[in-house]
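Have a look at entry-v8.cif below; it lists mmCIF, C-alpha atoms and all ligand atoms.
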```cif
data_protein
#
loop_
_atom_site.label_atom_id
_atom_site.label_comp_id
_atom_site.auth_asym_id
_atom_site.auth_seq_id
_atom_site.Cartn_x
_atom_site.Cartn_y
_atom_site.Cartn_z
CA MET M 14 -12.16 -41.57 -15.18
CA ARG M 15 -15.11 -42.07 -17.48
CA ARG M 16 -18.60 -41.94 -16.01
CA ARG M 17 -19.18 -45.66 -16.58
CA ASP M 18 -16.08 -46.44 -14.52
CA ALA M 19 -17.20 -44.04 -11.82
CA ILE M 20 -20.51 -45.81 -11.52
CA ARG M 21 -18.82 -49.22 -11.55
CA SER M 22 -16.66 -48.10 -8.61
CA LEU M 23 -19.86 -47.68 -6.61
CA ALA M 24 -19.78 -51.45 -6.24
CA VAL M 25 -16.68 -51.27 -4.07
CA LEU M 26 -18.04 -48.64 -1.69
CA PRO M 27 -18.69 -49.88 1.82
CA VAL M 28 -22.38 -50.74 2.11
CA ALA M 29 -22.51 -49.71 5.74
CA GLY M 30 -22.21 -46.05 4.87
CA VAL M 31 -25.13 -46.25 2.52
CA ALA M 32 -27.21 -48.22 5.02
CA ALA M 33 -26.58 -45.59 7.66
CA GLY M 34 -28.12 -43.06 5.31
CA THR M 35 -24.89 -41.34 4.30
CA VAL M 36 -25.44 -39.29 1.18
CA LEU M 37 -22.39 -39.41 -1.01
CA PRO M 38 -22.16 -36.43 -3.35
CA LEU M 39 -21.15 -37.30 -6.90
CA GLY M 40 -17.96 -35.31 -6.43
CA SER M 41 -16.78 -37.66 -3.70
CA LEU M 42 -17.46 -40.65 -5.95
CA LEU M 43 -15.38 -39.15 -8.71
CA ALA M 44 -12.61 -38.50 -6.22
CA SER M 45 -12.80 -42.02 -4.74
CA PRO M 46 -9.47 -43.80 -4.16
CA ALA M 47 -10.09 -45.88 -7.30
CA THR M 48 -9.55 -42.71 -9.40
CA PRO M 49 -5.98 -42.47 -10.65
CA PRO M 50 -4.73 -38.96 -9.80
CA THR M 51 -4.44 -36.73 -12.86
CA PRO M 52 -0.83 -35.69 -13.22
CA LYS M 53 -0.55 -31.94 -12.57
CA ARG M 54 0.86 -29.87 -15.39
CA ASN M 55 4.00 -27.99 -14.53
CA LEU M 56 3.63 -24.98 -16.76
CA PHE M 57 6.96 -23.50 -15.71
CA LYS M 58 8.71 -26.65 -16.93
CA GLU M 59 6.53 -26.99 -20.01
CA LEU M 60 7.28 -23.47 -21.18
CA GLY M 61 10.82 -23.39 -19.89
CA ILE M 62 10.19 -20.54 -17.47
CA ARG M 63 12.88 -20.10 -14.82
CA THR M 64 11.62 -20.17 -11.24
CA PHE M 65 13.82 -19.01 -8.39
CA ILE M 66 14.23 -18.42 -4.69
CA ASN M 67 13.31 -14.79 -4.12
CA ALA M 68 15.77 -13.39 -1.58
CA ALA M 69 15.38 -9.93 -3.14
CA GLY M 70 11.98 -8.65 -2.03
CA THR M 71 8.42 -7.92 -3.15
CA TYR M 72 9.46 -6.61 -6.55
CA THR M 73 6.74 -6.28 -9.17
CA PHE M 74 9.00 -7.61 -11.96
CA MET M 75 9.76 -10.72 -9.88
CA SER M 76 6.01 -11.41 -9.53
CA GLY M 77 5.65 -9.65 -6.18
CA CYS M 78 4.93 -12.27 -3.54
CA LEU M 79 3.62 -15.78 -3.11
CA MET M 80 -0.04 -15.78 -2.16
CA HIS M 81 -0.92 -17.37 1.15
CA GLU M 82 -2.44 -20.83 0.69
CA GLU M 83 -5.76 -19.47 2.00
CA VAL M 84 -5.77 -16.97 -0.86
CA VAL M 85 -5.16 -19.67 -3.47
CA ASP M 86 -8.01 -21.64 -1.84
CA ALA M 87 -10.29 -18.59 -2.03
CA ILE M 88 -9.53 -18.22 -5.73
CA ARG M 89 -10.04 -21.91 -6.48
CA SER M 90 -13.20 -22.26 -4.39
CA THR M 91 -14.96 -19.31 -6.01
CA ALA M 92 -14.06 -20.13 -9.60
CA HIS M 93 -16.95 -22.46 -10.33
CA GLU M 94 -19.95 -20.19 -9.85
CA PHE M 95 -21.19 -16.85 -11.14
CA ALA M 96 -21.73 -13.80 -8.98
CA MET M 97 -22.50 -10.14 -9.73
CA ILE M 98 -19.26 -8.16 -9.59
CA ASP M 99 -20.97 -5.20 -7.86
CA GLU M 100 -22.35 -7.48 -5.17
CA VAL M 101 -18.94 -9.06 -4.61
CA GLN M 102 -17.40 -5.58 -4.36
CA ASP M 103 -20.16 -4.35 -1.99
CA LYS M 104 -19.78 -7.25 0.43
CA VAL M 105 -15.97 -7.42 0.31
CA GLY M 106 -15.71 -3.62 0.50
CA GLU M 107 -17.74 -3.56 3.73
CA LYS M 108 -15.47 -6.17 5.34
CA ILE M 109 -12.26 -4.44 4.25
CA ALA M 110 -13.52 -1.05 5.40
CA ALA M 111 -14.35 -2.45 8.84
CA MET M 112 -10.93 -4.10 9.20
CA CYS M 113 -9.11 -0.90 8.19
CA HIS M 114 -11.22 1.76 9.99
CA ALA M 115 -12.37 3.24 6.68
CA GLU M 116 -15.90 4.36 5.76
CA ALA M 117 -15.75 2.32 2.55
CA ALA M 118 -13.38 0.31 0.40
CA THR M 119 -13.13 -1.33 -2.99
CA VAL M 120 -10.73 -3.83 -4.54
CA THR M 121 -8.78 -2.45 -7.49
CA ALA M 122 -6.34 -3.88 -10.02
CA GLY M 123 -3.33 -3.05 -7.84
CA CYS M 124 -2.36 0.12 -6.00
CA TRP M 125 -1.72 1.91 -9.27
CA SER M 126 -5.32 1.52 -10.34
CA ALA M 127 -6.46 2.58 -6.85
CA LEU M 128 -4.57 5.84 -7.49
CA VAL M 129 -6.18 6.36 -10.91
CA LEU M 130 -9.71 5.44 -9.82
CA GLY M 131 -9.54 7.38 -6.57
CA THR M 132 -8.39 10.50 -8.40
CA ALA M 133 -11.08 9.97 -11.05
CA GLY M 134 -13.71 9.78 -8.31
CA VAL M 135 -12.51 13.04 -6.77
CA LEU M 136 -12.81 14.75 -10.17
CA THR M 137 -16.17 13.39 -11.31
CA GLY M 138 -18.07 12.85 -8.08
CA THR M 139 -21.21 10.91 -8.99
CA ASP M 140 -21.89 12.95 -12.14
CA LEU M 141 -22.11 10.35 -14.91
CA LYS M 142 -21.58 12.98 -17.62
CA LYS M 143 -18.23 13.80 -16.08
CA VAL M 144 -17.39 10.10 -15.74
CA ALA M 145 -18.00 9.71 -19.48
CA LYS M 146 -15.79 12.72 -20.28
CA LEU M 147 -12.65 11.92 -18.31
CA PRO M 148 -9.70 12.47 -19.07
CA ASP M 149 -11.22 15.56 -20.71
CA LEU M 150 -11.54 17.78 -17.64
CA GLU M 151 -14.04 20.29 -19.02
CA GLY M 152 -16.19 21.48 -16.12
CA MET M 153 -13.99 19.76 -13.55
CA LYS M 154 -11.13 20.77 -11.29
CA SER M 155 -7.75 20.14 -12.90
CA GLU M 156 -4.86 20.48 -10.44
CA VAL M 157 -3.32 18.14 -7.89
CA ILE M 158 -0.80 19.50 -5.38
CA VAL M 159 2.28 17.33 -4.76
CA GLN M 160 5.47 17.97 -2.77
CA LYS M 161 8.60 18.14 -4.91
CA ALA M 162 10.16 15.09 -3.20
CA HIS M 163 6.97 13.10 -3.89
CA ASN M 164 6.73 14.07 -7.56
CA GLN M 165 8.19 10.93 -9.13
CA GLY M 166 7.27 7.82 -11.14
CA TYR M 167 4.06 6.76 -9.46
CA VAL M 168 2.52 10.23 -9.86
CA HIS M 169 1.78 9.15 -13.43
CA ALA M 170 -1.19 7.19 -12.07
CA VAL M 171 -2.68 10.51 -10.93
CA THR M 172 -1.89 12.36 -14.19
CA ASN M 173 -3.57 9.51 -16.13
CA THR M 174 -6.84 11.27 -15.30
CA GLY M 175 -5.75 14.40 -17.18
CA VAL M 176 -4.85 16.56 -14.16
CA LYS M 177 -1.81 18.80 -13.90
CA ILE M 178 0.63 18.38 -11.00
CA ILE M 179 1.37 21.55 -9.04
CA GLU M 180 4.71 21.05 -7.33
CA ILE M 181 5.36 22.75 -3.99
CA GLU M 182 7.91 22.37 -1.18
CA THR M 183 6.75 24.28 1.89
CA SER M 184 3.36 24.83 3.51
CA ALA M 185 3.65 28.54 2.60
CA GLU M 186 4.00 27.50 -1.06
CA LEU M 187 1.03 25.19 -0.68
CA GLU M 188 -1.12 28.02 0.70
CA LYS M 189 -0.26 30.05 -2.38
CA ALA M 190 -0.86 27.17 -4.79
CA VAL M 191 -4.40 26.41 -3.59
CA ASN M 192 -7.08 27.86 -5.89
CA GLN M 193 -10.54 27.01 -7.24
CA ASN M 194 -8.98 24.45 -9.64
CA THR M 195 -7.31 22.43 -6.89
CA ALA M 196 -8.86 18.97 -6.95
CA MET M 197 -6.68 16.99 -4.55
CA MET M 198 -3.47 16.83 -2.50
CA TRP M 199 -1.39 13.67 -3.10
CA PHE M 200 1.11 12.15 -0.65
CA LEU M 201 3.61 9.41 -1.51
CA ASN M 202 4.32 7.63 1.77
CA TYR M 203 7.82 6.37 1.02
CA ALA M 204 8.88 9.90 0.03
CA GLY M 205 7.58 11.23 3.37
CA PRO M 206 10.98 11.59 5.07
CA ASN M 207 12.36 13.52 2.06
CA GLY M 208 9.56 16.07 1.94
CA LYS M 209 9.17 19.23 4.02
CA ILE M 210 5.52 18.63 4.98
CA PRO M 211 4.82 15.46 7.03
CA ASP M 212 1.67 13.35 6.65
CA THR M 213 -0.25 14.77 9.64
CA GLU M 214 0.32 18.35 8.49
CA TRP M 215 -0.64 17.38 4.93
CA VAL M 216 -3.99 16.07 6.20
CA ALA M 217 -4.52 19.20 8.34
CA LEU M 218 -3.82 21.47 5.36
CA GLY M 219 -6.26 19.48 3.26
CA LYS M 220 -8.98 19.85 5.88
CA LYS M 221 -8.26 23.56 6.31
CA HIS M 222 -8.78 24.16 2.57
CA ASN M 223 -11.48 21.51 2.17
CA ILE M 224 -9.38 19.62 -0.41
CA PRO M 225 -9.39 15.80 -0.40
CA THR M 226 -6.06 14.15 0.44
CA MET M 227 -4.81 10.84 -0.97
CA ILE M 228 -1.91 8.69 0.20
CA ASP M 229 -0.01 6.09 -1.82
CA MET M 230 1.17 3.50 0.73
CA ALA M 231 1.59 0.70 -1.81
CA ALA M 232 4.57 -1.07 -0.23
CA ASP M 233 3.85 -0.06 3.37
CA ALA M 234 1.79 -3.02 4.53
CA THR M 235 4.20 -3.46 7.46
CA PRO M 236 3.87 -2.63 10.27
CA VAL M 237 0.30 -3.95 10.18
CA GLU M 238 -1.02 -0.82 11.96
CA ASN M 239 -0.43 0.99 8.66
CA MET M 240 -3.57 -0.76 7.41
CA TRP M 241 -5.68 1.67 9.49
CA LYS M 242 -3.17 4.36 10.51
CA PHE M 243 -3.78 6.64 7.52
CA ASN M 244 -7.55 6.27 7.67
CA ASP M 245 -7.40 7.20 11.36
CA MET M 246 -5.09 10.11 10.51
CA GLY M 247 -7.77 11.55 8.26
CA PHE M 248 -6.61 10.90 4.70
CA ASP M 249 -9.70 10.91 2.46
CA LEU M 250 -8.30 8.16 0.23
CA VAL M 251 -5.75 5.44 1.00
CA CYS M 252 -4.21 3.23 -1.70
CA VAL M 253 -2.33 -0.02 -1.05
CA SER M 254 -0.95 -2.94 -3.08
CA GLY M 255 -2.45 -6.39 -2.55
CA GLY M 256 0.46 -8.32 -3.98
CA LYS M 257 3.37 -7.08 -1.89
CA GLY M 258 3.58 -7.44 1.91
CA ILE M 259 -0.06 -8.52 2.26
CA ARG M 260 0.60 -11.59 0.07
CA GLY M 261 -2.64 -11.30 -1.86
CA PRO M 262 -3.09 -11.52 -5.63
CA GLN M 263 -0.39 -9.48 -7.37
CA SER M 264 -2.89 -7.83 -9.68
CA ALA M 265 -5.14 -6.67 -6.81
CA GLY M 266 -5.02 -3.68 -4.50
CA ILE M 267 -7.25 -1.66 -2.21
CA LEU M 268 -8.76 1.81 -2.44
CA MET M 269 -10.34 2.89 0.83
CA GLY M 270 -11.56 6.06 2.48
CA LYS M 271 -14.58 8.34 2.45
CA LYS M 272 -17.85 6.78 1.42
CA ASP M 273 -18.81 9.36 -1.21
CA LEU M 274 -15.37 9.22 -2.83
CA ILE M 275 -15.32 5.40 -2.99
CA ALA M 276 -18.81 5.45 -4.55
CA ALA M 277 -17.57 7.98 -7.11
CA ALA M 278 -14.43 5.92 -7.82
CA ARG M 279 -16.59 2.87 -8.48
CA LEU M 280 -18.55 4.76 -11.13
CA ASN M 281 -15.22 5.14 -12.93
CA SER M 282 -14.45 1.41 -12.56
CA PRO M 283 -15.48 -1.92 -14.06
CA PRO M 284 -17.94 -3.55 -14.42
CA ARG M 285 -19.20 -0.23 -15.82
CA GLY M 286 -17.78 0.70 -19.22
CA GLY M 287 -17.35 3.98 -21.07
CA ASN M 288 -15.07 5.22 -18.35
CA ILE M 289 -11.38 5.69 -17.65
CA GLY M 290 -11.11 2.55 -15.52
CA ARG M 291 -12.67 -0.07 -17.78
CA GLY M 292 -9.28 -1.66 -18.43
CA MET M 293 -8.65 -2.14 -14.70
CA LYS M 294 -10.84 -5.17 -14.24
CA VAL M 295 -10.51 -7.48 -11.24
CA ASN M 296 -12.19 -10.86 -11.37
CA LYS M 297 -14.41 -12.08 -8.54
CA GLU M 298 -11.83 -14.67 -7.50
CA GLU M 299 -9.17 -12.02 -6.93
CA ILE M 300 -11.58 -9.63 -5.20
CA LEU M 301 -12.38 -12.42 -2.75
CA GLY M 302 -8.73 -13.48 -2.63
CA MET M 303 -7.79 -9.92 -1.69
CA TYR M 304 -10.28 -10.01 1.17
CA VAL M 305 -8.95 -13.31 2.50
CA ALA M 306 -5.34 -12.10 2.14
CA LEU M 307 -6.03 -8.95 4.14
CA GLU M 308 -7.87 -10.87 6.85
CA LYS M 309 -5.02 -13.39 7.09
CA PHE M 310 -2.43 -10.60 7.13
CA ILE M 311 -4.16 -8.63 9.88
CA ASN M 312 -4.62 -11.74 12.03
CA LEU M 313 -1.02 -12.94 11.70
CA ASP M 314 1.15 -13.07 14.80
CA HIS M 315 3.35 -10.23 13.57
CA SER M 316 5.96 -10.42 16.30
CA LYS M 317 6.43 -14.12 15.59
CA GLN M 318 6.60 -13.34 11.88
CA TRP M 319 9.23 -10.67 12.48
CA LYS M 320 11.33 -13.10 14.52
CA ILE M 321 11.18 -15.65 11.69
CA TRP M 322 12.38 -13.00 9.23
CA GLU M 323 15.21 -12.00 11.59
CA ASP M 324 16.29 -15.60 12.21
CA ARG M 325 16.48 -16.27 8.47
CA ILE M 326 18.51 -13.11 7.96
CA ALA M 327 20.90 -14.15 10.75
CA ILE M 328 21.58 -17.50 9.04
CA MET M 329 22.41 -15.86 5.70
CA GLU M 330 24.41 -13.11 7.37
CA SER M 331 26.60 -15.47 9.36
CA ALA M 332 27.40 -17.51 6.24
CA ALA M 333 28.53 -14.42 4.32
CA ARG M 334 30.54 -12.72 7.04
CA LYS M 335 32.80 -15.76 7.49
CA ILE M 336 34.55 -14.71 4.27
CA ASN M 337 37.49 -12.33 4.65
CA GLY M 338 36.79 -8.97 3.05
CA VAL M 339 33.00 -9.30 3.40
CA THR M 340 31.06 -7.03 5.75
CA THR M 341 27.39 -7.21 6.61
CA THR M 342 24.76 -4.92 8.11
CA VAL M 343 21.12 -5.51 8.94
CA SER M 344 18.67 -2.62 8.94
CA VAL M 345 14.98 -1.86 8.51
CA PRO M 346 13.97 0.82 5.98
CA PRO M 347 12.26 3.78 7.70
CA VAL M 348 9.32 3.64 5.26
CA ALA M 349 8.21 1.15 2.61
CA ASN M 350 9.24 -2.51 2.59
CA ARG M 351 9.72 -2.46 6.35
CA THR M 352 11.34 -5.84 6.90
CA PRO M 353 14.80 -6.85 8.16
CA THR M 354 17.14 -6.09 5.25
CA LEU M 355 20.63 -7.55 4.95
CA ASN M 356 23.32 -5.66 3.10
CA ILE M 357 26.43 -7.63 2.16
CA ALA M 358 29.38 -5.56 0.94
CA TRP M 359 32.86 -6.66 -0.06
CA ASP M 360 36.31 -5.34 -0.74
CA ILE M 361 36.76 -5.91 -4.48
CA ASN M 362 40.53 -6.38 -3.99
CA ARG M 363 39.92 -9.41 -1.80
CA VAL M 364 36.64 -10.73 -3.14
CA LYS M 365 37.15 -10.45 -6.87
CA VAL M 366 33.65 -10.25 -8.30
CA THR M 367 31.39 -7.37 -9.32
CA LYS M 368 27.87 -7.32 -7.92
CA GLU M 369 26.43 -7.98 -11.39
CA GLU M 370 28.63 -11.06 -11.84
CA PHE M 371 27.76 -12.21 -8.34
CA GLN M 372 24.02 -11.85 -9.01
CA GLU M 373 24.44 -13.74 -12.29
CA ARG M 374 26.25 -16.62 -10.57
CA LEU M 375 23.46 -16.97 -8.00
CA ARG M 376 20.89 -16.74 -10.79
CA LYS M 377 22.57 -19.45 -12.87
CA GLY M 378 23.27 -21.70 -9.88
CA GLU M 379 21.23 -24.57 -8.53
CA PRO M 380 18.76 -23.57 -7.19
CA SER M 381 18.43 -20.24 -8.98
CA ILE M 382 18.42 -17.32 -6.52
CA GLU M 383 17.60 -13.64 -6.98
CA VAL M 384 19.12 -10.92 -4.78
CA MET M 385 19.21 -7.18 -5.38
CA GLY M 386 22.31 -5.21 -6.27
CA GLY M 387 23.22 -2.56 -3.70
CA LYS M 388 25.62 0.39 -3.77
CA ASP M 389 29.15 -0.22 -5.13
CA ASN M 390 30.20 -3.82 -4.41
CA SER M 391 27.21 -4.95 -2.42
CA ILE M 392 23.93 -6.83 -2.57
CA THR M 393 20.79 -6.63 -0.46
CA ILE M 394 18.67 -9.50 0.76
CA THR M 395 15.29 -9.74 2.47
CA SER M 396 13.72 -12.88 3.87
CA TRP M 397 9.96 -12.22 3.69
CA ASN M 398 9.59 -13.90 0.31
CA LEU M 399 11.46 -17.03 1.37
CA GLU M 400 9.72 -20.32 1.97
CA PRO M 401 10.78 -22.16 5.14
CA GLY M 402 14.26 -23.66 4.72
CA GLN M 403 15.24 -21.59 1.70
CA GLU M 404 17.39 -19.35 3.90
CA LYS M 405 19.75 -22.31 4.32
CA MET M 406 20.07 -22.79 0.58
CA VAL M 407 20.78 -19.09 0.11
CA ALA M 408 23.36 -19.19 2.94
CA LYS M 409 25.10 -22.17 1.32
CA ARG M 410 25.24 -20.51 -2.08
CA LEU M 411 26.51 -17.22 -0.63
CA LYS M 412 29.31 -19.09 1.12
CA GLU M 413 30.21 -21.04 -2.04
CA GLU M 414 30.27 -18.06 -4.39
CA PHE M 415 32.03 -15.67 -1.98
CA GLY M 416 34.49 -18.47 -1.24
CA LYS M 417 35.25 -18.98 -4.95
CA ALA M 418 35.64 -15.25 -5.57
CA SER M 419 38.10 -14.84 -2.72
CA GLY M 420 39.97 -18.11 -3.24
C1 LIG M 501 4.24 -0.95 -6.17
C2 LIG M 501 3.87 0.49 -6.06
C3 LIG M 501 2.78 1.03 -6.77
C4 LIG M 501 2.00 0.20 -7.75
O1 LIG M 501 1.28 -0.76 -7.08
P1 LIG M 501 0.66 -2.03 -7.83
O2 LIG M 501 -0.03 -2.76 -6.74
O3 LIG M 501 1.81 -2.77 -8.44
O4 LIG M 501 -0.27 -1.50 -8.87
C5 LIG M 501 2.43 2.34 -6.55
N1 LIG M 501 3.13 3.12 -5.70
C6 LIG M 501 4.19 2.66 -5.01
C7 LIG M 501 4.92 3.56 -4.06
C8 LIG M 501 4.61 1.32 -5.17
O5 LIG M 501 5.65 0.85 -4.47
#
```

Rendering of file as structure tokens:
Amino acid sequence: MRRRDAIRSLAVLPVAGVAAGTVLPLGSLLASPATPPTPKRNLFKELGIRTFINAAGTYTFMSGCLMHEEVVDAIRSTAHEFAMIDEVQDKVGEKIAAMCHAEAATVTAGCWSALVLGTAGVLTGTDLKKVAKLPDLEGMKSEVIVQKAHNQGYVHAVTNTGVKIIEIETSAELEKAVNQNTAMMWFLNYAGPNGKIPDTEWVALGKKHNIPTMIDMAADATPVENMWKFNDMGFDLVCVSGGKGIRGPQSAGILMGKKDLIAAARLNSPPRGGNIGRGMKVNKEEILGMYVALEKFINLDHSKQWKIWEDRIAIMESAARKINGVTTTVSVPPVANRTPTLNIAWDINRVKVTKEEFQERLRKGEPSIEVMGGKDNSITITSWNLEPGQEKMVAKRLKEEFGKASG
């Protein structure tokens, strides 16, 4: 609507409101019922991008999670004004720290960047000369101790800072590995059950040797107690993803822990430049969105939420198990992605389809659905990324495709 038209529409406003002294902000005039709604662009359609029902899980390559509506509102409502990034981080950090029993916290560009920046802070402290030097470790400690079972993929975030990983298996080996170059001890939560040293002992060993400990609990938002459990346990730094179970912005995460280490990590982070973290920028909207997401997540009725997830799983399970040759199990992973998880397996002699073909048929169907491939002839399904009602569509499609393959 052009301005002239907006002003003309004033004429049709009820006079009573004005007489009663109601002040109508210009925004409300522009949004008056006379304004034809602007058609919303559908960028997915415009660009031909496939959207789908995510019955797989909070996978990064599938865009993680859908943000809670409150988070989208936080992003939209903070997009129209400027604020100093440090002030946004200070205020949000205080709130997050309080919610999670940490001394301090900062929003990072995902859990991965929390790992990099936290490690950087351990190495440099608040020495700006060291901050400028990293990943050249001259004058700094250079080794991080990691259990063999934990030494995989995500450890690359730690080695980004230039440190060397010292792999150990037992606490006796750890005692031997500790020396004046040991900067940190890193723990990967989902690898916990496969390692010889459990989290509590890891923390105790760190304290005994006065070495900071860090935990990567990226995909361990559930159960919600995990949000403070590792701070309470005594880890010096805790790293978590914002865009998985918490349903915050996918490119946000949280680094929390000891005050001095968070302050040091922030010296290695944007908005400051000339440091290792300059490329890990988070905009003010997502910093605030992360805060709102965490608050919403912590205040959820988690037992009700769990029941919803279970009920959805039951609907999909009962549709699949009606087919001869199909067997189903529901379990909850011991660590990481703790949510009811449905495994559907089939006898390939009776249900004649490979898991890849089956996934492709769901993907190409209407609506498009993503599930994960499991072991042998099986798929796995979770329900925490489903929108209400989508479990019925998934159930219907499972029944159709299993029916066809066994018919
Ligand atoms: C997802 C994940 C990360 C990376 O987290 P982002 O939030 O995507 O940066 C790191 N570690 C583990 C164990 C993860 O599952």

Let me see if you get this right: every residue at most 9 Å from ligand LIG 501 (chain M), counting only C-alpha atoms and all ligand atoms, written as a compact mmCIF listing (two decimals) with C-alpha atoms, in the coordinates of the input.
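Contents of the output file selection.txt:
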```
# COMPACT_ATOMS: atom_id res chain seq x y z
CA THR M 71 8.42 -7.92 -3.15
CA TYR M 72 9.46 -6.61 -6.55
CA THR M 73 6.74 -6.28 -9.17
CA GLY M 77 5.65 -9.65 -6.18
CA THR M 121 -8.78 -2.45 -7.49
CA ALA M 122 -6.34 -3.88 -10.02
CA GLY M 123 -3.33 -3.05 -7.84
CA CYS M 124 -2.36 0.12 -6.00
CA TRP M 125 -1.72 1.91 -9.27
CA SER M 126 -5.32 1.52 -10.34
CA ALA M 127 -6.46 2.58 -6.85
CA LEU M 128 -4.57 5.84 -7.49
CA GLY M 166 7.27 7.82 -11.14
CA TYR M 167 4.06 6.76 -9.46
CA VAL M 168 2.52 10.23 -9.86
CA ALA M 170 -1.19 7.19 -12.07
CA LEU M 201 3.61 9.41 -1.51
CA ASN M 202 4.32 7.63 1.77
CA TYR M 203 7.82 6.37 1.02
CA ALA M 204 8.88 9.90 0.03
CA ASP M 229 -0.01 6.09 -1.82
CA MET M 230 1.17 3.50 0.73
CA ALA M 231 1.59 0.70 -1.81
CA ALA M 232 4.57 -1.07 -0.23
CA ASP M 233 3.85 -0.06 3.37
CA CYS M 252 -4.21 3.23 -1.70
CA VAL M 253 -2.33 -0.02 -1.05
CA SER M 254 -0.95 -2.94 -3.08
CA GLY M 255 -2.45 -6.39 -2.55
CA GLY M 256 0.46 -8.32 -3.98
CA LYS M 257 3.37 -7.08 -1.89
CA GLN M 263 -0.39 -9.48 -7.37
CA SER M 264 -2.89 -7.83 -9.68
CA ALA M 265 -5.14 -6.67 -6.81
CA GLY M 266 -5.02 -3.68 -4.50
CA ILE M 267 -7.25 -1.66 -2.21
CA ALA M 349 8.21 1.15 2.61
CA ASN M 350 9.24 -2.51 2.59
```

Residue with the minimum atom-to-atom distance to M:Lys377, picked from M:Lys220, M:Lys242, M:Lys142, M:Arg410 with only C-alpha atoms counted, is M:Arg410

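You can rank M:Val343, M:Ala118, M:Met303, M:Met198 by their closest distance to M:Val157 using only C-alpha atoms, and at the top of that list sits M:Met198.
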
Item to check | Nearest to M:Lys409 by atom-to-atom distance, counting all atoms listed in the file, from M:His222, M:Lys335, M:His163, M:His114 | outcome: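 Smallest distance to M:Lys409 is found for M:Lys335.
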
Give me, as a list in words, all polymer residues having an atom no more than 8 Å from stretch 311-314 of chain M, counting all atoms listed in the file and skipping those fewer than 4 positions away in the same chain.
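Non-adjacent residues within range: Val237, Leu307 and Gln318 of chain M.
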
Neighbour list for stretch 194-196 of chain M as a short mmCIF file (atom, residue, chain, number, x, y, z; two decimals) with C-alpha atoms, in the frame of the given file, cut-off 10 Å, all atoms listed in the file, skip fewer than 6 positions in-chain:
```cif
data_model
loop_
_atom_site.label_atom_id
_atom_site.label_comp_id
_atom_site.auth_asym_id
_atom_site.auth_seq_id
_atom_site.Cartn_x
_atom_site.Cartn_y
_atom_site.Cartn_z
CA THR M 132 -8.39 10.50 -8.40
CA VAL M 135 -12.51 13.04 -6.77
CA LEU M 136 -12.81 14.75 -10.17
CA MET M 153 -13.99 19.76 -13.55
CA LYS M 154 -11.13 20.77 -11.29
CA SER M 155 -7.75 20.14 -12.90
CA GLU M 156 -4.86 20.48 -10.44
CA VAL M 157 -3.32 18.14 -7.89
CA ILE M 158 -0.80 19.50 -5.38
CA VAL M 176 -4.85 16.56 -14.16
CA LYS M 177 -1.81 18.80 -13.90
CA ILE M 178 0.63 18.38 -11.00
CA ILE M 179 1.37 21.55 -9.04
CA HIS M 222 -8.78 24.16 2.57
CA ASN M 223 -11.48 21.51 2.17
CA ILE M 224 -9.38 19.62 -0.41
CA PRO M 225 -9.39 15.80 -0.40
CA THR M 226 -6.06 14.15 0.44
#
```

If I wrap all listed atoms of stretch 273-285 of chain M in a box with edges along x, y and z and add 4 Å on each side, what are its centre and edge lengths in Å to one decimal, as JSON?
```
{"center_x": -16.8, "center_y": 2.9, "center_z": -8.5, "size_x": 12.8, "size_y": 20.9, "size_z": 22.6}
```

message: Show me the residues close to (-13.5, -16.8, -2.4) - anything with an atom within 12 Å, counting only C-alpha atoms - and format the list as an MDAnalysis selection string.
response: chainID M and resid 83:96 101 104:105 296:306

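Closest approach to M:Asn337 among M:Ile321, M:Ala418, M:Ala234, M:Cys113 is made by M:Ala418 (distances from only C-alpha atoms).
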
Practice task
Determine, counting only C-alpha atoms, every residue of protein, DNA or RNA that lies within 9 Å of (16.2, -2.7, 4.9) in the file coordinates, then give the result as a PyMOL selection string.
Solution key: chain M and resi 343-347+350-356+393-395

Near M:Glu186, counting only C-alpha atoms, which residues have an atom at most 12 Å away, once you skip same-chain residues fewer than 5 positions from it, shown as a list of chain:residue names?
->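 Once the adjacent positions are removed, what remains is M:Ile158, M:Val159, M:Gln160, M:Lys161, M:Ile179, M:Glu180, M:Ile181, M:Val191, M:Lys209, M:Ile210, M:Leu218.
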
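Closest approach to M:Asn244 among M:Glu82, M:Glu100, M:Glu379, M:Asp212: M:Asp212, based on only C-alpha atoms.
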
| task | Please measure the separation of atom CA of M:Gly420 and atom CA of M:Val407, giving the value in Å to one decimal. | result |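 Calculated distance between atom CA of M:Gly420 and atom CA of M:Val407 is 19.5 Å.
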
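In terms of minimum interatomic distance to M:Gly286, M:Val144 ranks closest within M:Val144, M:Ile66, M:Arg260, M:Gln102, counting only C-alpha atoms.
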
One decimal place gives the atom CA of M:Val339-atom CA of M:Gly416 separation as 10.4 Å

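One distance worth recording is that between atom CA of M:Glu383 and atom CA of M:Pro262, which is 20.8 Å.
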
- Query: Near M:Ala408, counting only C-alpha atoms, which residues have an atom at most 10 Å away, once you skip same-chain residues fewer than 6 positions from it, shown as a ChimeraX atom specification?
  - Reply: /M:325-333
